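Novice: Just one file: run.csv, with CSV, C-alpha atoms.
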chain,number,residue,atom,x,y,z
A,1,MET,CA,7.0,-9.5,-22.5
A,2,ALA,CA,5.0,-9.9,-19.3
A,3,ILE,CA,7.8,-8.9,-16.9
A,4,LYS,CA,8.6,-5.8,-19.0
A,5,GLU,CA,5.1,-4.4,-18.4
A,6,LEU,CA,5.5,-4.9,-14.7
A,7,LEU,CA,8.9,-3.2,-14.7
A,8,LYS,CA,7.4,-0.2,-16.7
A,9,GLU,CA,4.6,0.1,-14.2
A,10,GLU,CA,7.1,0.1,-11.3
A,11,LEU,CA,9.2,2.6,-13.1
A,12,GLY,CA,6.2,4.9,-13.4
A,13,ASN,CA,5.5,4.5,-9.7
A,14,SER,CA,9.1,5.3,-8.8
A,15,LEU,CA,9.2,8.4,-11.0
A,16,ARG,CA,6.0,9.7,-9.5
A,17,MET,CA,7.5,9.1,-6.0
A,18,GLU,CA,10.7,10.9,-6.9
A,19,ARG,CA,8.7,13.9,-8.0
A,20,ASP,CA,6.6,13.8,-4.8
A,21,TYR,CA,9.7,13.5,-2.4
A,22,ARG,CA,11.3,16.5,-4.2
A,23,ARG,CA,8.0,18.5,-3.7
A,24,GLU,CA,7.9,17.6,0.0
A,25,LEU,CA,11.6,18.6,0.5
A,26,ALA,CA,10.9,21.9,-1.2
A,27,LYS,CA,8.0,22.6,1.2
A,28,LEU,CA,10.2,22.2,4.3
A,29,PRO,CA,11.5,25.5,5.9
A,30,GLN,CA,15.0,26.2,4.5
A,31,GLY,CA,18.0,26.0,6.8
A,32,CYS,CA,18.9,24.5,10.1
A,33,LEU,CA,18.4,26.2,13.5
A,34,VAL,CA,21.6,26.9,15.4
A,35,LYS,CA,21.7,27.9,19.1
A,36,LYS,CA,24.7,29.9,20.3
A,37,MET,CA,25.3,30.8,23.9
A,38,VAL,CA,26.8,34.2,24.5
A,39,ARG,CA,27.4,35.3,28.1
A,40,GLY,CA,24.8,32.9,29.4
A,41,ARG,CA,22.1,33.9,26.9
A,42,ALA,CA,20.8,31.8,24.0
A,43,TYR,CA,20.8,33.3,20.5
A,44,TYR,CA,19.3,31.5,17.6
A,45,TYR,CA,20.4,31.6,14.0
A,46,VAL,CA,19.2,29.9,10.8
A,47,ALA,CA,22.1,28.4,8.9
A,48,VAL,CA,21.5,28.3,5.2
A,49,ARG,CA,23.9,27.1,2.5
A,50,GLU,CA,24.3,29.5,-0.4
A,51,GLY,CA,26.6,27.8,-2.9
A,52,ALA,CA,30.0,27.4,-1.2
A,53,ARG,CA,29.1,29.6,1.7
A,54,VAL,CA,27.0,29.0,4.8
A,55,ARG,CA,25.1,32.1,5.9
A,56,PHE,CA,23.7,32.6,9.5
A,57,ARG,CA,20.5,34.7,9.7
A,58,TYR,CA,19.6,35.9,13.2
A,59,LEU,CA,16.2,34.8,14.5
A,60,ARG,CA,14.8,37.0,17.2
A,61,ASN,CA,13.1,35.3,20.1
A,62,PRO,CA,11.8,32.2,18.4
A,63,ASP,CA,9.0,30.5,20.4
A,64,GLU,CA,8.9,26.8,21.4
A,65,LYS,CA,6.6,26.1,18.4
A,66,LYS,CA,9.1,27.6,15.9
A,67,ILE,CA,12.1,25.8,17.5
A,68,ALA,CA,10.1,22.5,17.3
A,69,ALA,CA,9.2,23.2,13.7
A,70,TYR,CA,12.8,23.6,12.7
A,71,SER,CA,13.7,20.4,14.6
A,72,GLU,CA,11.0,18.5,12.9
A,73,ALA,CA,12.0,19.9,9.5
A,74,LYS,CA,15.6,18.7,10.1
A,75,ARG,CA,14.4,15.2,10.9
A,76,ALA,CA,12.0,15.1,7.9
A,77,ARG,CA,14.7,16.5,5.5
A,78,ALA,CA,17.2,13.7,6.5
A,79,GLN,CA,14.5,11.1,6.2
A,80,TYR,CA,13.2,12.3,2.8
A,81,ARG,CA,16.7,12.7,1.4
A,82,LYS,CA,17.5,9.1,2.4
A,83,LEU,CA,14.2,7.8,0.8
A,84,LEU,CA,14.7,10.0,-2.3
A,85,GLY,CA,18.1,8.3,-2.6
A,86,ASP,CA,16.4,4.8,-2.4
A,87,VAL,CA,13.9,5.8,-5.0
A,88,GLN,CA,16.6,7.1,-7.4
A,89,ARG,CA,18.5,3.8,-6.9
A,90,GLN,CA,15.3,1.9,-7.9
A,91,ILE,CA,14.9,4.1,-10.9
A,92,ARG,CA,18.4,3.4,-12.1
A,93,PHE,CA,17.9,-0.3,-11.6
A,94,LEU,CA,14.5,-0.4,-13.4
A,95,ARG,CA,15.9,1.7,-16.3
A,96,LYS,CA,18.8,-0.7,-16.6
A,97,ALA,CA,16.6,-3.7,-16.5
A,98,LEU,CA,14.2,-2.3,-19.2
A,99,ASN,CA,17.1,-1.4,-21.4
A,100,ALA,CA,18.9,-4.7,-21.0
A,101,LYS,CA,19.1,-6.9,-24.0
A,102,GLN,CA,16.6,-9.7,-23.9
A,103,ALA,CA,18.1,-13.0,-22.7
A,104,VAL,CA,17.9,-15.8,-25.3
B,1,MET,CA,15.5,-12.5,8.5
B,2,GLN,CA,12.5,-10.4,7.7
B,3,SER,CA,12.7,-7.9,4.8
B,4,LYS,CA,12.6,-4.1,5.1
B,5,GLN,CA,9.3,-4.2,3.3
B,6,TYR,CA,7.7,-6.7,5.7
B,7,ASP,CA,8.9,-4.6,8.7
B,8,LEU,CA,7.5,-1.4,7.2
B,9,CYS,CA,4.2,-3.2,6.4
B,10,GLN,CA,4.0,-4.2,10.1
B,11,ASP,CA,4.8,-0.6,11.2
B,12,VAL,CA,1.9,0.7,9.0
B,13,LEU,CA,-0.5,-1.9,10.4
B,14,ARG,CA,0.6,-1.1,14.0
B,15,ARG,CA,0.1,2.7,13.5
B,16,LEU,CA,-3.4,2.2,12.0
B,17,ASP,CA,-4.2,-0.2,14.9
B,18,GLU,CA,-3.0,2.3,17.5
B,19,ALA,CA,-5.1,5.0,15.9
B,20,GLY,CA,-8.2,2.7,16.1
B,21,VAL,CA,-8.9,2.5,12.3
B,22,LEU,CA,-7.5,-0.9,11.5
B,23,ARG,CA,-10.5,-2.7,12.8
B,24,GLY,CA,-12.7,-0.9,10.2
B,25,LEU,CA,-10.4,-1.9,7.3
B,26,VAL,CA,-9.9,-5.1,5.3
B,27,LEU,CA,-6.5,-5.8,3.9
B,28,ILE,CA,-6.8,-7.2,0.3
B,29,GLY,CA,-4.5,-8.0,-2.5
B,30,SER,CA,-1.2,-9.9,-2.5
B,31,TRP,CA,-0.4,-9.1,1.1
B,32,CYS,CA,-3.2,-11.4,2.2
B,33,LEU,CA,-1.0,-14.3,1.1
B,34,VAL,CA,1.3,-13.4,4.0
B,35,LEU,CA,-1.7,-13.6,6.4
B,36,TYR,CA,-2.8,-16.9,4.9
B,37,ARG,CA,0.5,-18.5,6.0
B,38,GLU,CA,-0.9,-18.5,9.5
B,39,TYR,CA,-4.4,-19.7,8.3
B,40,PHE,CA,-2.8,-22.7,6.5
B,41,ARG,CA,-0.1,-23.5,9.0
B,42,GLY,CA,0.5,-27.2,8.8
B,43,VAL,CA,-1.3,-27.5,5.5
B,44,GLY,CA,1.0,-25.7,3.1
B,45,ASP,CA,2.4,-22.3,2.0
B,46,PRO,CA,0.3,-20.2,-0.3
B,47,GLY,CA,3.5,-18.5,-1.6
B,48,ALA,CA,4.1,-14.9,-1.4
B,49,VAL,CA,4.5,-13.1,-4.7
B,50,ARG,CA,4.1,-9.6,-3.2
B,51,THR,CA,4.1,-6.3,-4.9
B,52,ARG,CA,4.7,-2.9,-3.4
B,53,ASP,CA,0.9,-2.2,-3.4
B,54,MET,CA,-0.8,-2.5,-0.1
B,55,ASP,CA,-4.5,-2.1,-0.6
B,56,PHE,CA,-7.1,-1.5,2.1
B,57,LEU,CA,-10.8,-2.0,1.5
B,58,VAL,CA,-13.0,0.5,3.3
B,59,PRO,CA,-16.5,-1.2,3.8
B,60,SER,CA,-19.4,1.0,2.9
B,61,PRO,CA,-20.8,2.4,5.2
B,62,SER,CA,-17.6,2.8,7.1
B,63,VAL,CA,-17.5,2.1,10.9
B,64,PHE,CA,-14.9,4.5,12.2
B,65,ALA,CA,-15.7,6.0,15.5
B,66,HIS,CA,-13.5,9.1,15.1
B,67,LYS,CA,-11.6,11.1,12.5
B,68,VAL,CA,-7.9,10.1,11.9
B,69,ASN,CA,-5.6,11.8,9.5
B,70,VAL,CA,-4.0,8.7,7.9
B,71,PRO,CA,-1.6,10.6,5.6
B,72,ALA,CA,-0.2,12.5,8.6
B,73,LEU,CA,0.0,9.2,10.6
B,74,LEU,CA,2.1,7.6,7.9
B,75,LYS,CA,4.2,10.7,7.2
B,76,GLU,CA,6.3,10.0,10.2
B,77,LEU,CA,7.3,6.7,8.6
B,78,GLY,CA,8.5,8.6,5.5
B,79,PHE,CA,5.3,8.2,3.4
B,80,VAL,CA,4.4,11.1,1.0
B,81,SER,CA,1.0,11.6,-0.6
B,82,GLY,CA,0.7,11.4,-4.3
B,83,PHE,CA,-2.1,10.9,-6.8
B,84,ARG,CA,-2.4,8.4,-9.6
B,85,GLY,CA,-4.5,8.2,-12.7
B,86,GLU,CA,-6.7,10.8,-14.3
B,87,GLU,CA,-9.2,10.6,-11.4
B,88,GLY,CA,-6.5,11.3,-8.9
B,89,ALA,CA,-6.7,8.3,-6.6
B,90,MET,CA,-4.6,9.0,-3.5
B,91,VAL,CA,-1.6,6.8,-2.9
B,92,LEU,CA,0.6,7.0,0.2
B,93,GLN,CA,4.1,6.3,-1.2
B,94,HIS,CA,7.3,4.9,0.3
B,95,PRO,CA,10.1,3.3,-1.7
B,96,GLU,CA,9.1,-0.1,-0.1
B,97,LEU,CA,5.3,0.3,-0.1
B,98,LEU,CA,2.4,2.0,-1.9
B,99,VAL,CA,-0.7,2.2,0.4
B,100,GLU,CA,-4.1,2.7,-1.3
B,101,PHE,CA,-7.7,2.6,-0.3
B,102,LEU,CA,-10.6,1.1,-2.2
B,103,VAL,CA,-14.3,1.1,-1.8
B,104,PRO,CA,-17.0,-1.0,-3.4
B,105,GLU,CA,-18.6,0.5,-6.5
B,106,ARG,CA,-22.2,1.4,-6.0
B,107,GLY,CA,-24.4,1.2,-9.1
B,108,ARG,CA,-23.5,1.5,-12.7
B,109,GLY,CA,-21.1,4.3,-13.5
B,110,GLY,CA,-20.2,4.5,-9.8
B,111,ALA,CA,-16.5,4.0,-10.6
B,112,GLY,CA,-14.1,6.8,-9.8
B,113,VAL,CA,-12.7,8.2,-6.6
B,114,ARG,CA,-14.7,8.7,-3.3
B,115,ASP,CA,-13.7,10.8,-0.3
B,116,VAL,CA,-13.3,9.0,3.0
B,117,PRO,CA,-13.4,12.0,5.3
B,118,LYS,CA,-13.0,9.9,8.5
B,119,LEU,CA,-9.5,8.9,7.2
B,120,GLY,CA,-8.5,12.0,5.4
B,121,VAL,CA,-8.0,10.1,2.2
B,122,ASN,CA,-9.8,9.3,-1.0
B,123,ALA,CA,-10.5,5.8,-2.2
B,124,GLN,CA,-11.0,4.3,-5.6
B,125,ALA,CA,-14.4,2.7,-6.2
B,126,MET,CA,-14.1,-0.7,-7.9
B,127,ARG,CA,-16.4,-3.4,-9.1
B,128,PHE,CA,-16.7,-6.7,-7.2
B,129,MET,CA,-15.3,-5.1,-4.0
B,130,ASP,CA,-18.4,-6.4,-2.1
B,131,VAL,CA,-17.0,-9.9,-2.7
B,132,PRO,CA,-14.1,-9.7,-0.2
B,133,LEU,CA,-16.6,-8.5,2.4
B,134,MET,CA,-18.8,-11.6,2.1
B,135,LYS,CA,-16.8,-13.4,4.7
B,136,THR,CA,-13.8,-12.0,6.5
B,137,VAL,CA,-11.3,-13.5,9.0
B,138,ARG,CA,-9.0,-11.9,11.6
B,139,LEU,CA,-5.5,-13.0,11.3
B,140,ARG,CA,-2.2,-12.1,13.0
B,141,PHE,CA,0.4,-10.1,11.2
B,142,GLY,CA,3.3,-9.9,13.6
B,143,ASP,CA,1.8,-8.4,16.7
B,144,VAL,CA,-1.3,-7.0,15.1
B,145,MET,CA,-4.6,-8.6,14.3
B,146,VAL,CA,-5.8,-7.7,10.7
B,147,ASN,CA,-9.1,-8.2,8.9
B,148,ALA,CA,-8.7,-10.1,5.6
B,149,PRO,CA,-11.1,-11.8,3.2
B,150,HIS,CA,-11.6,-15.5,4.0
B,151,PRO,CA,-9.3,-17.5,1.7
B,152,ALA,CA,-12.4,-18.9,-0.1
B,153,VAL,CA,-13.5,-15.4,-0.8
B,154,PHE,CA,-10.0,-14.5,-2.0
B,155,VAL,CA,-10.1,-17.3,-4.5
B,156,LEU,CA,-13.5,-16.4,-5.9
B,157,HIS,CA,-12.7,-12.7,-6.1
B,158,LYS,CA,-9.5,-13.4,-8.0
B,159,LEU,CA,-11.3,-15.8,-10.4
B,160,LEU,CA,-13.9,-13.1,-11.0
B,161,VAL,CA,-11.5,-10.4,-11.8
B,162,VAL,CA,-9.0,-12.4,-13.9
B,163,PRO,CA,-11.0,-12.1,-17.2
B,164,ARG,CA,-11.4,-8.3,-16.6
B,165,ARG,CA,-7.7,-7.7,-16.2
B,166,GLN,CA,-6.2,-5.9,-19.1
B,167,LYS,CA,-2.6,-6.9,-18.7
B,168,ALA,CA,-1.6,-10.6,-19.3
B,169,GLU,CA,0.9,-10.7,-16.5
B,170,LYS,CA,-1.6,-9.5,-14.0
B,171,LYS,CA,-4.1,-12.2,-15.2
B,172,GLU,CA,-1.4,-14.8,-14.8
B,173,LYS,CA,-0.4,-13.6,-11.3
B,174,ASP,CA,-4.1,-13.4,-10.1
B,175,PHE,CA,-4.9,-16.9,-11.4
B,176,ALA,CA,-1.7,-18.4,-9.9
B,177,SER,CA,-2.4,-17.0,-6.5
B,178,ALA,CA,-6.1,-18.0,-6.6
B,179,LEU,CA,-5.1,-21.6,-7.6
B,180,ALA,CA,-2.4,-21.8,-4.9
B,181,VAL,CA,-5.0,-20.8,-2.2
B,182,LEU,CA,-7.7,-23.1,-3.8
B,183,VAL,CA,-5.4,-26.1,-3.5
B,184,LEU,CA,-4.8,-25.3,0.2
B,185,LEU,CA,-8.5,-24.9,0.9
B,186,ASP,CA,-9.1,-28.3,-0.6
B,187,LYS,CA,-6.3,-29.8,1.5
B,188,LYS,CA,-7.7,-28.2,4.6
B,189,GLY,CA,-11.2,-29.6,3.8
B,190,GLU,CA,-12.9,-26.2,3.5
B,191,MET,CA,-14.4,-26.6,0.0
B,192,ALA,CA,-17.9,-26.5,1.7
B,193,ILE,CA,-17.3,-22.8,2.5
B,194,LEU,CA,-16.5,-22.2,-1.1
B,195,HIS,CA,-19.7,-24.0,-2.2
B,196,GLU,CA,-21.8,-22.0,0.3
B,197,LEU,CA,-20.3,-18.7,-1.0
B,198,LEU,CA,-20.8,-19.7,-4.6
B,199,GLU,CA,-24.5,-20.3,-3.9
B,200,ARG,CA,-24.8,-16.7,-3.0
B,201,PHE,CA,-23.2,-15.6,-6.3
B,202,PRO,CA,-25.5,-14.5,-9.2
B,203,ALA,CA,-25.5,-17.1,-12.0
B,204,PRO,CA,-23.4,-15.0,-14.5
B,205,TRP,CA,-20.7,-14.7,-11.8
B,206,ARG,CA,-20.7,-18.5,-11.3
B,207,LYS,CA,-20.4,-19.0,-15.1
B,208,SER,CA,-17.6,-16.5,-15.2
B,209,VAL,CA,-15.6,-18.4,-12.5
B,210,ALA,CA,-16.2,-21.7,-14.3
B,211,ARG,CA,-15.1,-20.2,-17.6
B,212,THR,CA,-11.9,-18.8,-16.1
B,213,LEU,CA,-11.0,-22.2,-14.6
B,214,SER,CA,-11.7,-24.0,-17.9
B,215,ALA,CA,-9.7,-21.4,-20.0
B,216,HIS,CA,-6.7,-22.1,-17.8
B,217,GLY,CA,-7.1,-25.9,-18.2
B,218,LYS,CA,-8.4,-26.4,-14.7
B,219,ALA,CA,-11.9,-27.6,-15.5
B,220,ALA,CA,-11.5,-30.3,-12.9
B,221,TRP,CA,-11.4,-27.6,-10.2
B,222,ALA,CA,-14.7,-26.2,-11.7
B,223,ALA,CA,-16.2,-29.6,-11.1
B,224,ALA,CA,-14.8,-29.8,-7.6
B,225,MET,CA,-16.4,-26.4,-6.9
B,226,LYS,CA,-19.7,-27.9,-8.3
B,227,LEU,CA,-19.7,-25.5,-11.2
B,228,ALA,CA,-19.5,-28.0,-14.0
What is this structure when it is put down as structure tokens?

Specialist:
Amino acid sequence: MAIKELLKEELGNSLRMERDYRRELAKLPQGCLVKKMVRGRAYYYVAVREGARVRFRYLRNPDEKKIAAYSEAKRARAQYRKLLGDVQRQIRFLRKALNAKQAV
Amino acid sequence: MQSKQYDLCQDVLRRLDEAGVLRGLVLIGSWCLVLYREYFRGVGDPGAVRTRDMDFLVPSPSVFAHKVNVPALLKELGFVSGFRGEEGAMVLQHPELLVEFLVPERGRGGAGVRDVPKLGVNAQAMRFMDVPLMKTVRLRFGDVMVNAPHPAVFVLHKLLVVPRRQKAEKKEKDFASALAVLVLLDKKGEMAILHELLERFPAPWRKSVARTLSAHGKAAWAAAMKLA
């Protein structure tokens, strides 16, 4: 079946993509930078989820570069998670199509 | 309404254009059919059976004035780098598009992967990739001008690679797109361009094109191309 071969190729592409999005997500710095104002002074914490809890780790005097890096990581994480979801939908669709009984 | 895939394709082209590298690249493959809609406006529609693959041909020697990190450029659009095949050809991946770079193979055994340091990518070397460079046209894709093989070159290149395709479905797809463009070239009265290009082909290539047309029951087109 001609179409089946194309679907298999597309499935292979999507599986590779899923692996690569997961790899990129793992590379991003963990946690989200939180700024708290106490008596007019800014204090920075990295919020990290650990199971059911969210832990706040104090970050001493982060420079502009570090703040920007966390902000960029937050943007990239949201984007990659959305795209990873899209790829996983494609994988489910392709697997279903490949396993479907052939129409007469 | 334009599709998400079309919009993303336009974003990719716009970014490459703004970075100053698009002028040195030639868009090949099924996305050319989208460009040919403009070329054949008023004549007909070449159809658009597009895949996720968006292939760019890097002419050799390349003509880029400065270094651009293409993977970083497309990362902002959500592309991630991956590698395919045993040789590790780089592919910039997005659920809607897979961007790859190709270069013409030089000499026997020259297949494989070549680094393109000016773009920060590697490119797969493939046979017959000099053919799309024989005659190129600049066509509009949204608000960007893109280099593409002349439709006559597109037809000849597809007819040359059809017998070398391993998978039957790819053979069918390549032949169907070549025939669709060939019909429009004839309608537009541009068969002379095809004849002129064929004269520059080595004899075995001309024979291969004629054989492919005959094998698909289109020997009349071989005659129209002065191959019979």

Novice: Compute the chain B side of the contact with chain A at 12 Å, counting all atoms listed in the file, and hand it back as a PyMOL selection string.

Specialist: chain B and resi 51-53+75-85+91-98+166-173

Novice: Counting all atoms listed in the file, figure out which residue out of B:Ala72, B:Val181, B:Ala19, B:Ala215 gets nearest to Pro163 (chain B).

Specialist: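 Between B:Ala72, B:Val181, B:Ala19, B:Ala215, the residue approaching Pro163 (chain B) most closely is B:Ala215.
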
Novice: Could you check which of B:Ala125, B:Ala148, B:Leu8, B:Val113 is closest to Leu27 (chain B), using all atoms listed in the file?

Specialist: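 Of all the options, B:Ala148 lies closest to Leu27 (chain B).
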
Novice: Within 8 Å of region 58-63 of chain B, counting all atoms listed in the file, which residues show up once you throw out same-chain ones fewer than 2 positions away? Write them as a ChimeraX atom specification, please.

Specialist: /B:24-26,56,65,101-104,133

Novice: How far is it from CA of Leu73 (chain B) to CA of Lys4 (chain B), in Å with one decimal?

Specialist: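 Interatomic distance here is 19.1 Å.
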
Novice: Please compute the CA of Asp55 (chain B)-CA of Val99 (chain B) distance, one decimal, in Å.

Specialist: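 Separating CA of Asp55 (chain B) from CA of Val99 (chain B) is a distance of 5.8 Å.
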
Novice: Mind pulling up the distance from CA of Ala210 (chain B) to CA of Ala176 (chain B)?

Specialist: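 Spanning CA of Ala176 (chain B) to CA of Ala210 (chain B) is a straight-line distance of 15.5 Å.
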
Novice: Residues near Lys218 (chain B), anyone? I mean within 12 Å using all atoms listed in the file, not counting same-chain ones fewer than 3 positions away, as a PDB file with C-alpha atoms, keeping the file's coordinate frame.

Specialist:
ATOM      1  CA  LEU B 159     -11.300 -15.800 -10.400  1.00  0.00           C
ATOM      2  CA  PHE B 175      -4.900 -16.900 -11.400  1.00  0.00           C
ATOM      3  CA  ALA B 176      -1.700 -18.400  -9.900  1.00  0.00           C
ATOM      4  CA  ALA B 178      -6.100 -18.000  -6.600  1.00  0.00           C
ATOM      5  CA  LEU B 179      -5.100 -21.600  -7.600  1.00  0.00           C
ATOM      6  CA  LEU B 182      -7.700 -23.100  -3.800  1.00  0.00           C
ATOM      7  CA  VAL B 183      -5.400 -26.100  -3.500  1.00  0.00           C
ATOM      8  CA  VAL B 209     -15.600 -18.400 -12.500  1.00  0.00           C
ATOM      9  CA  ALA B 210     -16.200 -21.700 -14.300  1.00  0.00           C
ATOM     10  CA  ARG B 211     -15.100 -20.200 -17.600  1.00  0.00           C
ATOM     11  CA  THR B 212     -11.900 -18.800 -16.100  1.00  0.00           C
ATOM     12  CA  LEU B 213     -11.000 -22.200 -14.600  1.00  0.00           C
ATOM     13  CA  SER B 214     -11.700 -24.000 -17.900  1.00  0.00           C
ATOM     14  CA  ALA B 215      -9.700 -21.400 -20.000  1.00  0.00           C
ATOM     15  CA  TRP B 221     -11.400 -27.600 -10.200  1.00  0.00           C
ATOM     16  CA  ALA B 222     -14.700 -26.200 -11.700  1.00  0.00           C
ATOM     17  CA  ALA B 223     -16.200 -29.600 -11.100  1.00  0.00           C
ATOM     18  CA  ALA B 224     -14.800 -29.800  -7.600  1.00  0.00           C
ATOM     19  CA  MET B 225     -16.400 -26.400  -6.900  1.00  0.00           C
ATOM     20  CA  LEU B 227     -19.700 -25.500 -11.200  1.00  0.00           C
ATOM     21  CA  ALA B 228     -19.500 -28.000 -14.000  1.00  0.00           C
TER      22      ALA B 228
END

Novice: Counting only C-alpha atoms, which of A:Ser71, A:Leu98, A:Lys27, A:Leu33 gets nearest to Val48 (chain A)?

Specialist: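 Closest to Val48 (chain A), using only C-alpha atoms: A:Leu33.
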
Novice: Take the point (-2.1, -28.9, 1.4) as written in the file and pick out every residue within 9 Å of it, counting all atoms listed in the file; give the list as a VMD selection string.

Specialist: chain B and resid 40 42 to 45 183 to 188

Novice: Here's a test: counting all atoms listed in the file, identify every protein, DNA and RNA residue with an atom at most 10 Å from (-17.9, -5.9, -6.8) in the file's coordinate frame, and state them as a VMD selection string.

Specialist: chain B and resid 103 to 107 125 to 133 157 160 to 161

Novice: Kindly reconstruct region 57-64 of chain A with all heavy atoms and present the result as a short mmCIF file (atom, residue, chain, number, x, y, z; two decimals), in the coordinates of the input.

Specialist:
data_model
loop_
_atom_site.label_atom_id
_atom_site.label_comp_id
_atom_site.auth_asym_id
_atom_site.auth_seq_id
_atom_site.Cartn_x
_atom_site.Cartn_y
_atom_site.Cartn_z
N ARG A 57 21.52 33.56 9.62
CA ARG A 57 20.50 34.70 9.70
C ARG A 57 19.98 34.65 11.15
O ARG A 57 19.53 33.62 11.65
CB ARG A 57 19.40 34.39 8.69
CG ARG A 57 18.37 35.47 8.61
CD ARG A 57 17.50 35.31 7.35
NE ARG A 57 17.02 33.94 7.13
CZ ARG A 57 15.94 33.45 7.71
NH1 ARG A 57 15.22 34.19 8.53
NH2 ARG A 57 15.55 32.22 7.46
N TYR A 58 20.05 35.81 11.79
CA TYR A 58 19.60 35.90 13.20
C TYR A 58 18.09 35.74 13.29
O TYR A 58 17.35 36.31 12.50
CB TYR A 58 20.04 37.24 13.79
CG TYR A 58 19.59 37.43 15.21
CD1 TYR A 58 20.00 36.55 16.22
CD2 TYR A 58 18.74 38.48 15.55
CE1 TYR A 58 19.57 36.73 17.52
CE2 TYR A 58 18.30 38.66 16.86
CZ TYR A 58 18.73 37.77 17.83
OH TYR A 58 18.29 37.93 19.13
N LEU A 59 17.65 34.99 14.26
CA LEU A 59 16.20 34.80 14.50
C LEU A 59 15.86 35.32 15.85
O LEU A 59 16.34 34.81 16.87
CB LEU A 59 15.93 33.26 14.39
CG LEU A 59 14.50 32.84 14.14
CD1 LEU A 59 14.01 33.27 12.77
CD2 LEU A 59 14.38 31.32 14.23
N ARG A 60 15.08 36.37 15.89
CA ARG A 60 14.80 37.00 17.20
C ARG A 60 13.71 36.26 17.96
O ARG A 60 12.64 35.96 17.42
CB ARG A 60 14.28 38.45 16.90
CG ARG A 60 14.08 39.29 18.15
CD ARG A 60 13.51 40.65 17.77
NE ARG A 60 14.50 41.45 17.05
CZ ARG A 60 15.39 42.23 17.64
NH1 ARG A 60 15.41 42.35 18.94
NH2 ARG A 60 16.24 42.92 16.92
N ASN A 61 14.05 35.94 19.18
CA ASN A 61 13.10 35.30 20.10
C ASN A 61 12.17 34.25 19.54
O ASN A 61 10.96 34.45 19.54
CB ASN A 61 12.26 36.37 20.85
CG ASN A 61 13.10 37.35 21.60
OD1 ASN A 61 14.17 37.00 22.10
ND2 ASN A 61 12.65 38.59 21.66
N PRO A 62 12.71 33.18 18.99
CA PRO A 62 11.80 32.20 18.40
C PRO A 62 11.03 31.48 19.59
O PRO A 62 11.60 31.22 20.64
CB PRO A 62 12.72 31.19 17.74
CG PRO A 62 14.03 31.33 18.44
CD PRO A 62 14.11 32.74 18.95
N ASP A 63 9.73 31.24 19.38
CA ASP A 63 9.00 30.50 20.40
C ASP A 63 9.20 29.03 20.31
O ASP A 63 9.81 28.56 19.34
CB ASP A 63 7.49 30.90 20.37
CG ASP A 63 6.87 30.63 19.01
OD1 ASP A 63 7.53 29.96 18.19
OD2 ASP A 63 5.74 31.09 18.76
N GLU A 64 8.71 28.31 21.31
CA GLU A 64 8.90 26.80 21.40
C GLU A 64 8.39 26.18 20.08
O GLU A 64 8.99 25.21 19.59
CB GLU A 64 8.16 26.26 22.57
CG GLU A 64 8.79 26.62 23.92
CD GLU A 64 10.17 25.99 24.10
OE1 GLU A 64 10.34 24.82 23.73
OE2 GLU A 64 11.08 26.69 24.59
#
